[in-house]
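**Student:** Input structure: start27.cif, which contains mmCIF, C-alpha atoms.
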data_work
#
loop_
_atom_site.label_atom_id
_atom_site.label_comp_id
_atom_site.auth_asym_id
_atom_site.auth_seq_id
_atom_site.Cartn_x
_atom_site.Cartn_y
_atom_site.Cartn_z
CA MET R 231 -6.96 -28.72 13.98
CA ASN R 232 -6.94 -27.02 10.63
CA ALA R 233 -6.80 -23.18 10.96
CA GLN R 234 -9.35 -22.72 8.19
CA PHE R 235 -11.77 -25.02 9.98
CA LYS R 236 -11.34 -23.13 13.25
CA LYS R 237 -11.85 -19.82 11.47
CA GLY R 238 -15.19 -21.09 10.22
CA VAL R 239 -16.54 -21.69 13.72
CA LEU R 240 -14.74 -18.89 15.56
CA ASP R 241 -17.48 -16.35 14.91
CA LEU R 242 -20.00 -18.74 16.48
CA VAL R 243 -17.73 -19.08 19.53
CA LEU R 244 -17.49 -15.28 19.88
CA LEU R 245 -21.23 -14.82 19.47
CA HIS R 246 -21.74 -17.51 22.11
CA ILE R 247 -19.44 -15.76 24.59
CA VAL R 248 -21.12 -12.42 24.01
CA HIS R 249 -24.67 -13.80 24.24
CA THR R 250 -24.22 -14.44 27.96
CA GLY R 251 -24.07 -10.70 28.61
CA PRO R 252 -21.92 -7.60 28.19
CA VAL R 253 -18.30 -8.66 28.00
CA SER R 254 -15.05 -6.82 27.34
CA ALA R 255 -12.69 -7.61 24.47
CA TYR R 256 -10.07 -8.79 26.97
CA ASP R 257 -12.49 -11.28 28.55
CA ILE R 258 -13.52 -12.51 25.09
CA LEU R 259 -9.88 -13.06 24.14
CA VAL R 260 -9.08 -14.88 27.39
CA LYS R 261 -12.21 -17.06 27.28
CA THR R 262 -11.69 -17.97 23.64
CA SER R 263 -8.02 -18.79 23.90
CA SER R 264 -8.46 -20.73 27.13
CA GLY R 265 -10.86 -23.12 25.40
CA LEU R 266 -9.53 -23.16 21.85
CA GLN R 267 -6.04 -23.16 20.44
CA VAL R 268 -6.40 -20.10 18.25
CA ASN R 269 -4.14 -17.28 17.26
CA GLU R 270 -5.19 -14.38 19.49
CA ASN R 271 -4.34 -12.04 16.64
CA THR R 272 -7.45 -13.20 14.81
CA ILE R 273 -10.01 -12.74 17.59
CA TYR R 274 -10.19 -8.95 17.92
CA PRO R 275 -10.37 -8.28 14.13
CA LEU R 276 -13.21 -10.82 13.99
CA LEU R 277 -14.95 -9.03 16.84
CA ARG R 278 -14.76 -5.78 14.87
CA ARG R 279 -16.10 -7.50 11.78
CA LEU R 280 -19.07 -8.89 13.70
CA GLU R 281 -19.75 -5.37 14.96
CA ARG R 282 -19.45 -3.92 11.48
CA ASP R 283 -21.87 -6.55 10.18
CA GLY R 284 -24.40 -5.44 12.77
CA TYR R 285 -24.31 -8.57 14.95
CA LEU R 286 -22.59 -6.86 17.88
CA LYS R 287 -22.70 -3.42 19.43
CA HIS R 288 -20.68 -1.86 22.18
CA GLU R 289 -21.32 0.42 25.10
CA LYS R 290 -19.29 1.98 27.87
CA GLN R 291 -19.73 0.50 31.30
CA GLN R 292 -18.39 1.87 34.57
CA GLY R 293 -15.40 -0.34 35.42
CA GLU R 294 -14.31 -1.46 38.90
CA MET R 295 -11.17 0.66 38.63
CA GLY R 296 -13.18 3.79 37.86
CA ALA R 297 -12.42 4.23 34.15
CA PRO R 298 -15.33 3.42 31.81
CA LYS R 299 -14.86 0.10 30.06
CA LYS R 300 -15.96 -0.83 26.54
CA VAL R 301 -18.10 -3.95 26.50
CA PHE R 302 -19.71 -5.87 23.65
CA LEU R 303 -23.33 -7.03 23.43
CA LEU R 304 -25.45 -8.87 20.89
CA THR R 305 -27.84 -6.82 18.76
CA ASP R 306 -31.28 -8.23 17.94
CA VAL R 307 -30.00 -9.24 14.50
CA GLY R 308 -26.95 -10.75 16.18
CA ARG R 309 -29.09 -12.76 18.56
CA SER R 310 -31.13 -14.38 15.78
CA HIS R 311 -27.96 -14.89 13.72
CA TYR R 312 -26.37 -16.60 16.74
CA LEU R 313 -29.36 -18.89 17.21
CA GLU R 314 -29.36 -19.78 13.51
CA ARG R 315 -25.64 -20.50 13.53
CA LEU R 316 -25.96 -22.54 16.72
CA GLU R 317 -28.76 -24.60 15.23
CA ALA R 318 -26.78 -25.13 12.03
CA TRP R 319 -23.72 -26.15 14.06
CA ARG R 320 -25.70 -28.68 16.12
CA THR R 321 -27.22 -30.19 13.00
CA PHE R 322 -23.79 -30.37 11.37
CA GLN R 323 -22.32 -31.93 14.52
CA LYS R 324 -25.07 -34.59 14.55
CA GLU R 325 -24.59 -35.35 10.86
CA VAL R 326 -20.83 -35.67 11.20
CA SER R 327 -21.19 -37.82 14.33
CA HIS R 328 -23.62 -40.01 12.46
CA VAL R 329 -21.20 -40.49 9.56
CA LEU R 330 -18.18 -40.93 11.79
CA GLY R 331 -20.08 -43.09 14.26
CA GLY R 332 -17.83 -46.09 13.77
CA ALA R 333 -14.66 -44.09 13.09
CA ASP R 334 -13.20 -44.90 16.51
CA ASP R 335 -13.29 -48.60 15.69
CA ALA R 336 -11.31 -48.11 12.47
CA MET W 6 9.82 2.07 27.04
CA MET W 7 7.07 0.22 28.94
CA PRO W 8 5.87 -2.93 27.13
CA LYS W 9 2.37 -1.46 26.80
CA LEU W 10 3.54 1.83 25.29
CA LEU W 11 6.03 0.09 23.03
CA PHE W 12 3.39 -2.34 21.81
CA LEU W 13 0.87 0.45 21.14
CA LYS W 14 3.49 2.57 19.36
CA ASN W 15 4.52 -0.35 17.14
CA LEU W 16 0.89 -1.17 16.46
CA GLU W 17 0.16 2.45 15.54
CA ASP W 18 3.09 2.48 13.09
CA ALA W 19 2.05 -0.83 11.58
CA LEU W 20 -1.56 0.35 11.16
CA LYS W 21 -0.33 3.52 9.46
CA ASP W 22 1.86 1.45 7.15
CA CYS W 23 -1.18 -0.64 6.19
CA ASP W 24 -3.23 2.52 5.49
CA ILE W 25 -5.86 1.81 8.10
CA PRO W 26 -7.98 5.00 8.26
CA ARG W 27 -7.38 7.32 11.19
CA ALA W 28 -10.79 6.77 12.83
CA GLU W 29 -10.35 2.98 12.74
CA ARG W 30 -6.79 3.32 14.01
CA THR W 31 -7.84 5.38 16.99
CA GLU W 32 -10.56 2.91 17.93
CA ILE W 33 -8.27 -0.12 17.55
CA LEU W 34 -5.56 1.51 19.67
CA GLU W 35 -8.06 2.49 22.37
CA ASP W 36 -9.39 -1.05 22.47
CA TYR W 37 -5.93 -2.57 22.76
CA ALA W 38 -4.99 -0.02 25.42
CA GLN W 39 -8.04 -1.13 27.40
CA MET W 40 -7.24 -4.83 26.89
CA ILE W 41 -3.67 -4.33 28.11
CA GLU W 42 -4.99 -2.32 31.05
CA GLU W 43 -7.26 -5.23 32.02
CA ALA W 44 -4.39 -7.68 31.56
CA THR W 45 -2.35 -5.50 33.93
CA VAL W 46 -5.10 -5.70 36.54
CA HIS W 47 -5.00 -9.51 36.19
CA GLY W 48 -1.18 -9.50 36.46
CA ASP W 49 -0.92 -10.99 33.00
CA VAL W 50 0.35 -8.08 30.94
CA GLU W 51 3.63 -9.36 29.52
CA ALA W 52 2.31 -12.81 28.66
CA PHE W 53 -0.79 -11.22 27.15
CA ILE W 54 1.23 -8.89 24.90
CA GLU W 55 3.38 -11.82 23.86
CA ARG W 56 0.30 -13.86 23.00
CA LEU W 57 -1.05 -11.03 20.85
CA GLY W 58 1.87 -11.53 18.48
CA SER W 59 3.54 -9.08 16.14
CA PRO W 60 1.81 -5.71 15.53
CA LYS W 61 2.82 -5.98 11.88
CA SER W 62 0.87 -9.18 11.30
CA MET W 63 -2.05 -7.78 13.33
CA ALA W 64 -2.14 -4.71 11.10
CA ARG W 65 -2.10 -6.94 8.01
CA THR W 66 -5.10 -8.84 9.36
CA PHE W 67 -6.98 -5.53 9.81
CA ALA W 68 -5.98 -4.40 6.33
CA LYS W 69 -7.30 -7.63 4.79
CA ASP W 70 -10.51 -7.20 6.70
CA MET W 71 -11.17 -3.62 5.59
CA PRO W 72 -14.34 -3.33 3.51
CA ARG W 73 -13.46 -2.68 -0.11
CA LYS W 74 -15.47 -1.04 -2.81
CA LYS W 75 -13.84 -2.49 -5.82
CA GLN W 76 -16.37 -4.45 -7.76
CA ARG W 77 -16.34 -1.96 -10.62
CA SER W 78 -12.56 -1.67 -10.70
CA GLU W 79 -12.23 -5.46 -10.68
CA LYS W 80 -14.03 -5.48 -14.01
CA TRP W 81 -11.41 -3.09 -15.38
CA VAL W 82 -8.66 -5.36 -14.09
CA ALA W 83 -10.29 -8.33 -15.81
CA VAL W 84 -10.69 -6.50 -19.09
CA SER W 85 -7.24 -4.83 -19.07
CA PRO W 86 -5.39 -7.67 -20.94
CA PHE W 87 -7.83 -7.30 -23.83
CA ILE W 88 -7.47 -3.50 -23.92
CA ALA W 89 -3.69 -3.92 -23.92
CA LEU W 90 -3.86 -6.46 -26.74
CA ILE W 91 -6.11 -4.22 -28.87
CA ILE W 92 -3.78 -1.21 -28.42
CA PHE W 93 -0.75 -3.37 -29.15
CA PHE W 94 -2.18 -4.89 -32.36
CA TYR W 95 -3.57 -1.57 -33.58
CA ALA W 96 -0.26 0.24 -33.07
CA GLY W 97 1.63 -2.71 -34.55
CA PHE W 98 -0.43 -3.39 -37.67
CA ALA W 99 -1.61 0.16 -38.41
CA HIS W 100 1.58 2.07 -37.56
CA ASP W 101 4.23 -0.67 -37.51
CA ALA W 102 5.07 0.37 -33.97
CA TRP W 103 5.32 -3.04 -32.26
CA HIS W 104 7.97 -1.39 -30.22
CA PRO W 105 7.18 0.63 -28.08
CA ALA W 106 3.51 -0.43 -28.37
CA TRP W 107 4.33 -3.40 -26.10
CA LEU W 108 4.22 -0.82 -23.32
CA ALA W 109 0.45 -1.20 -23.54
CA PHE W 110 0.87 -4.47 -21.63
CA LEU W 111 2.04 -2.45 -18.65
CA LEU W 112 -1.54 -1.22 -18.43
CA ILE W 113 -2.38 -4.58 -16.85
CA PRO W 114 -0.38 -4.09 -13.63
CA VAL W 115 -1.07 -0.32 -13.69
CA ILE W 116 -4.86 -0.84 -13.69
CA ALA W 117 -4.48 -3.51 -11.01
CA ILE W 118 -2.51 -1.07 -8.81
CA LEU W 119 -5.05 1.73 -9.35
CA SER W 120 -7.89 -0.63 -8.51
CA GLU W 121 -6.34 -1.36 -5.10
CA ARG W 122 -7.15 2.23 -4.05
CA ASN W 123 -4.29 2.49 -1.62
CA ALA W 124 -2.95 5.71 -0.16
CA LEU W 125 -1.71 8.23 -2.73
CA LEU W 126 2.01 7.90 -2.02
CA GLU W 127 1.85 4.11 -1.92
CA THR W 128 0.01 4.09 -5.26
CA LEU W 129 2.56 6.48 -6.75
CA THR W 130 5.40 4.27 -5.54
CA ALA W 131 3.85 1.18 -7.09
CA LEU W 132 3.12 3.04 -10.33
CA SER W 133 6.51 4.73 -10.51
CA VAL W 134 8.26 1.65 -11.91
CA PHE W 135 5.86 1.46 -14.84
CA VAL W 136 5.66 5.20 -15.49
CA VAL W 137 9.44 5.57 -15.41
CA LEU W 138 9.91 2.55 -17.66
CA SER W 139 7.35 3.87 -20.17
CA VAL W 140 8.85 7.37 -20.31
CA PHE W 141 12.35 5.91 -20.56
CA MET W 142 11.37 3.60 -23.42
CA ILE W 143 9.56 6.29 -25.40
CA VAL W 144 12.32 8.86 -24.99
CA GLY W 145 14.97 6.25 -25.75
CA THR W 146 13.22 4.77 -28.77
CA TYR W 147 12.17 7.98 -30.48
CA TRP W 148 15.01 10.33 -29.53
CA GLY W 149 17.80 7.87 -28.67
CA LEU W 150 18.17 9.49 -25.26
CA TRP W 151 18.77 6.29 -23.26
CA HIS W 152 21.44 8.39 -21.67
CA PRO W 153 20.77 10.58 -19.59
CA PHE W 154 17.19 9.41 -19.12
CA TRP W 155 18.32 6.24 -17.32
CA ALA W 156 18.53 8.55 -14.30
CA LEU W 157 14.72 8.50 -14.21
CA PHE W 158 14.94 5.12 -12.50
CA LEU W 159 16.29 6.91 -9.44
CA LEU W 160 12.94 8.67 -9.09
CA ILE W 161 11.56 5.34 -7.86
CA ALA W 162 13.90 5.65 -4.87
CA GLY W 163 12.96 9.35 -4.59
CA ILE W 164 9.27 8.54 -4.23
CA ALA W 165 10.08 5.82 -1.70
CA PHE W 166 12.03 8.39 0.36
CA LEU W 167 9.04 10.73 0.36
CA GLN W 168 7.00 8.01 2.05
CA GLY W 169 9.18 8.12 5.17
CA ARG W 170 7.88 9.81 8.31
CA HIS W 171 10.93 11.81 9.30
CA TRP W 172 11.47 15.25 7.78
CA LEU W 173 14.88 14.01 6.58
CA HIS W 174 13.08 11.45 4.39
CA LYS W 175 11.30 14.31 2.62
CA LEU W 176 14.61 16.11 2.20
CA PHE W 177 16.20 12.98 0.67
CA GLY W 178 13.25 12.67 -1.70
CA LEU W 179 13.51 16.29 -2.82
CA TYR W 180 17.27 15.96 -3.29
CA THR W 181 16.81 12.88 -5.49
CA PHE W 182 14.21 14.65 -7.63
CA ALA W 183 16.42 17.75 -7.95
CA VAL W 184 19.46 15.65 -8.91
CA VAL W 185 17.58 13.64 -11.55
CA VAL W 186 16.01 16.72 -13.18
CA GLY W 187 19.24 18.70 -12.89
CA PHE W 188 21.35 15.89 -14.32
CA ILE W 189 19.08 15.34 -17.31
CA LEU W 190 18.99 19.07 -18.09
CA TYR W 191 22.76 19.34 -17.62
CA VAL W 192 23.51 16.49 -20.02
CA LEU W 193 21.01 17.76 -22.59
CA LEU W 194 22.08 21.41 -22.45
CA ILE W 195 25.77 21.42 -21.59
CA GLU W 196 28.38 19.69 -23.72
CA PRO W 197 30.63 17.90 -22.98
CA MET W 198 29.58 16.20 -19.78
CA HIS W 199 32.21 16.13 -17.09
CA ASP W 200 32.48 12.77 -15.36
CA PHE W 201 32.64 14.41 -11.92
CA VAL W 202 29.01 15.41 -12.40
CA LEU W 203 28.15 11.77 -11.69
CA LEU W 204 29.22 12.43 -8.09
CA VAL W 205 25.85 14.09 -7.47
CA PHE W 206 24.39 10.57 -7.45
CA LEU W 207 26.69 9.37 -4.69
CA PRO W 208 24.57 10.76 -1.81
CA ILE W 209 21.51 8.79 -3.02
CA PRO W 210 22.62 5.30 -1.88
CA ILE W 211 24.06 6.92 1.26
CA MET W 212 20.66 8.51 1.87
CA GLY W 213 19.16 5.06 1.31
CA LEU W 214 21.26 3.78 4.21
CA LEU W 215 20.45 6.73 6.45
CA SER W 216 16.81 6.43 5.54
CA SER W 217 16.77 2.83 6.69
CA GLU W 218 18.33 3.85 10.00
CA LEU W 219 15.64 6.46 10.52
CA ASP W 220 13.03 3.80 9.84
CA GLY W 221 14.90 1.42 12.11
CA LEU W 222 14.85 3.91 14.95
CA PHE W 223 11.11 4.27 14.53
CA ARG W 224 10.58 0.54 14.70
CA GLN W 225 13.27 -0.61 17.12
CA LYS W 226 14.71 -2.89 14.44
CA SER W 227 17.56 -0.79 13.19
CA ARG W 228 20.03 -3.62 12.67
CA GLN W 229 17.71 -5.70 10.52
CA ALA W 230 16.57 -2.67 8.50
CA LEU W 231 20.16 -1.50 8.10
CA ARG W 232 21.27 -4.90 6.82
CA ARG W 233 18.48 -5.00 4.26
CA PHE W 234 19.18 -1.51 2.94
CA LEU W 235 22.93 -2.02 3.00
CA GLY W 236 22.46 -5.12 0.85
CA PHE W 237 20.16 -3.35 -1.57
CA ALA W 238 22.28 -0.22 -1.76
CA LEU W 239 25.37 -2.27 -2.59
CA PHE W 240 23.40 -4.30 -5.12
CA ALA W 241 22.04 -1.13 -6.77
CA ILE W 242 25.46 0.54 -6.82
CA GLY W 243 26.93 -2.63 -8.34
CA LEU W 244 24.32 -2.63 -11.10
CA LEU W 245 24.83 1.07 -11.72
CA VAL W 246 28.57 0.56 -12.10
CA ILE W 247 28.04 -2.36 -14.50
CA TYR W 248 25.49 -0.34 -16.47
CA LEU W 249 27.74 2.70 -16.77
CA TYR W 250 30.62 0.43 -17.78
CA LEU W 251 28.53 -1.29 -20.46
CA GLY W 252 27.17 2.05 -21.66
CA ILE W 253 30.45 3.95 -21.84
CA ASN W 254 32.62 1.11 -23.18
CA ALA W 255 30.24 -0.91 -25.34
CA GLY W 256 27.45 1.58 -26.05
CA LEU W 257 25.00 -0.83 -24.43
CA TRP W 258 22.81 1.84 -22.82
CA HIS W 259 20.07 -0.21 -24.40
CA PRO W 260 19.36 -3.06 -23.57
CA GLY W 261 21.86 -2.80 -20.70
CA TRP W 262 19.24 -0.94 -18.63
CA LEU W 263 17.47 -4.29 -18.26
CA LEU W 264 19.90 -4.89 -15.40
CA PHE W 265 17.81 -2.52 -13.29
CA MET W 266 14.87 -4.91 -13.57
CA LEU W 267 16.87 -7.11 -11.19
CA ILE W 268 16.33 -4.59 -8.35
CA PRO W 269 12.54 -5.04 -7.99
CA ILE W 270 12.97 -8.80 -8.58
CA ALA W 271 15.55 -8.98 -5.77
CA GLY W 272 13.24 -6.89 -3.56
CA LEU W 273 10.36 -9.31 -4.13
CA LEU W 274 12.59 -12.36 -3.52
CA HIS W 275 13.85 -10.80 -0.29
CA THR W 276 10.31 -10.09 0.90
CA GLN W 277 9.23 -13.63 0.09
CA TRP W 278 12.20 -15.70 1.26
CA VAL W 279 13.86 -13.62 3.94
CA GLU W 280 10.97 -11.65 5.46
CA LYS W 281 8.65 -14.64 4.89
CA VAL W 282 5.85 -12.39 3.61
CA SER W 283 3.85 -13.99 0.83
CA VAL W 284 4.22 -12.37 -2.60
CA GLU W 285 1.81 -13.08 -5.43
CA PRO W 286 3.73 -14.74 -8.30
CA VAL W 287 2.16 -12.20 -10.68
CA ALA W 288 4.22 -9.46 -8.99
CA TYR W 289 7.37 -10.85 -10.64
CA THR W 290 5.96 -11.16 -14.12
CA PRO W 291 6.08 -7.55 -15.43
CA PHE W 292 9.82 -7.41 -14.78
CA ILE W 293 10.57 -10.89 -16.12
CA ALA W 294 8.40 -10.20 -19.18
CA VAL W 295 10.26 -6.96 -19.97
CA ILE W 296 13.64 -8.73 -19.74
CA LEU W 297 12.53 -11.66 -21.92
CA PHE W 298 10.77 -9.39 -24.43
CA PHE W 299 13.90 -7.38 -25.11
CA LEU W 300 16.42 -10.21 -25.00
CA TRP W 301 14.34 -12.36 -27.34
CA GLY W 302 13.40 -9.39 -29.53
CA GLU W 303 16.86 -7.82 -29.68
CA TYR W 304 19.08 -10.88 -29.98
CA GLY W 305 16.61 -13.26 -31.61
CA ASN W 306 15.47 -10.47 -33.93
CA ALA W 307 11.94 -11.53 -33.11
CA TYR W 308 10.01 -8.52 -31.80
CA ALA W 309 7.07 -9.78 -33.88
CA TYR W 310 6.79 -12.76 -31.51
CA SER W 311 8.52 -11.71 -28.32
CA TRP W 312 5.51 -9.62 -27.21
CA LEU W 313 3.88 -12.97 -26.41
CA VAL W 314 5.87 -13.09 -23.19
CA PHE W 315 3.63 -10.32 -21.80
CA LEU W 316 0.79 -12.80 -21.79
CA MET W 317 2.55 -14.41 -18.84
CA ILE W 318 1.19 -11.53 -16.70
CA PRO W 319 -2.55 -12.30 -17.04
CA ILE W 320 -1.89 -16.06 -17.30
CA THR W 321 0.03 -16.07 -14.02
CA ALA W 322 -2.62 -13.87 -12.40
CA ILE W 323 -5.35 -16.32 -13.40
CA LEU W 324 -3.42 -19.51 -12.57
CA PHE W 325 -2.19 -18.35 -9.15
CA SER W 326 -5.18 -16.28 -8.08
CA LYS W 327 -6.27 -17.11 -4.52
CA ASP W 328 -9.86 -16.05 -5.18
#
Kindly present the structure from the file in structure tokens form.
**Tutor:**
Amino acid sequence: MNAQFKKGVLDLVLLHIVHTGPVSAYDILVKTSSGLQVNENTIYPLLRRLERDGYLKHEKQQGEMGAPKKVFLLTDVGRSHYLERLEAWRTFQKEVSHVLGGADDA
Amino acid sequence: MMPKLLFLKNLEDALKDCDIPRAERTEILEDYAQMIEEATVHGDVEAFIERLGSPKSMARTFAKDMPRKKQRSEKWVAVSPFIALIIFFYAGFAHDAWHPAWLAFLLIPVIAILSERNALLETLTALSVFVVLSVFMIVGTYWGLWHPFWALFLLIAGIAFLQGRHWLHKLFGLYTFAVVVGFILYVLLIEPMHDFVLLVFLPIPIMGLLSSELDGLFRQKSRQALRRFLGFALFAIGLLVIYLYLGINAGLWHPGWLLFMLIPIAGLLHTQWVEKVSVEPVAYTPFIAVILFFLWGEYGNAYAYSWLVFLMIPITAILFSKD
């Protein structure tokens, strides 16, 4: 799939992973790259950008190994942004499916 | 060195090279240290580091993503061709100084470099080509001092040395500055010049080689860095020899100095085709324009028209802009 296209939806994927609860950057990278063929180089910078834009925040959580671990969470703004993006994505998906409905037969 | 430490060290160097601010750098390195730590717990560390890719390209991604405050300076970049044209026409028509008024066109890349707001030394390095060229042209045109002021071009290497991290880099930079200033004063004040004085320049390409090795040791890529600098040092020495030959035997100090324009052009070609790092086409144009301007002006006796080649700078910038 086109890299530019993936880039466009990658922030939605990250927001989706984070919306389930506090999650570390490592887990985000592993989850994203296990489901999507993306360059892992691009995920962490995007995570930082989402934090800078106010959609994500981080906090330190006591890790299993003892050392505190940095985890990411959605902010309130991030949550509504995620829901908006998700809605937009679903609408887009429906519209594209509608147009491409008979594409498999071609 | 452990893969984790080596990766973090390389990443730190790459982030510094890309001028990522210290606070950001620290946070990025802490985050990657934690990620690698977690990968270690999952027994995945080496594969994980491999998947992360090269620290250099990671640092470039961060650099591209840094917030920039350059709306105002972008306006200056956009308006710079017009300012250059006004200065050029005013100096040409009012004072019949078409040459060296063409230097006004160098304002276009100079303003673009200043608008990037990079680190001071990086900005100075980028500007040095244009400042040196301007000083050289003015001194050469008005006082005929093409020789010894050609030595100013070595200051570009001097500034590049000063950017190195090792204390020896600073020493090489200071030596280059001292040699250039000393040489110019010597030639201007002491007659006749003894040829052996030229030997003071010999350590500079050697320092270029040593400098690359120091860099190589920092980045664990000494062989590649050494090859690159060896090639460039030989190329630069070759051009210097040709230039001195043309100057001494044929009096072609001017426009023979145009040969040195081939050094930045070769550097850009190497970056683009060998290192596979994309280079904006506009980066080539100041050097190509200077060469064409003088060759057309000097040998076609057409300085009144040859200035038009400088328009290739803004035209290329507009045609090949990615924005």
**Student:** Need the shell around R:Thr272: protein/DNA/RNA residues with any atom at most 10 Å away, counting all atoms listed in the file. Skip same-chain ones fewer than 5 positions apart. Format as a PyMOL selection string?
**Tutor:** (chain R and resi 237+240+259+277) or (chain W and resi 57+62-63+66-67)
**Student:** Within 10 Å of chain R, which residues belong to chain W? Use only C-alpha atoms and report them as a list in words.
**Tutor:**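 Output check: Ile33, Glu35, Asp36, Tyr37, Gln39, Met40, Ile41, Glu42, Glu43, Ala44, Val46, Phe53, Glu55, Arg56, Leu57, Gly58, Ser59, Pro60, Ser62, Met63, Ala64, Thr66, Phe67, Ala68, Lys69, Asp70, Met71 and Pro72 of chain W.
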**Student:** Show me, as AutoDock Vina command-line options, the centre and edge lengths in Å to one decimal of the axis-aligned box that covers every listed atom of stretch 249-260 of chain W with 4 Å on each side.
**Tutor:**
--center_x 26.0 --center_y 0.4 --center_z -21.4 --size_x 21.3 --size_y 15.0 --size_z 17.3
**Student:** Rank nothing, just name the residue among W:Pro26, W:Pro114, W:Pro105, W:Pro269 nearest to W:Val82, using only C-alpha atoms.
**Tutor:**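 Under the stated criterion, the closest residue is W:Pro114.
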**Student:** What is the atom CA of W:Glu17-atom CA of W:Thr31 distance in Å, reported with one decimal?
**Tutor:**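 Rounded to one decimal, the two atoms are 8.6 Å apart.
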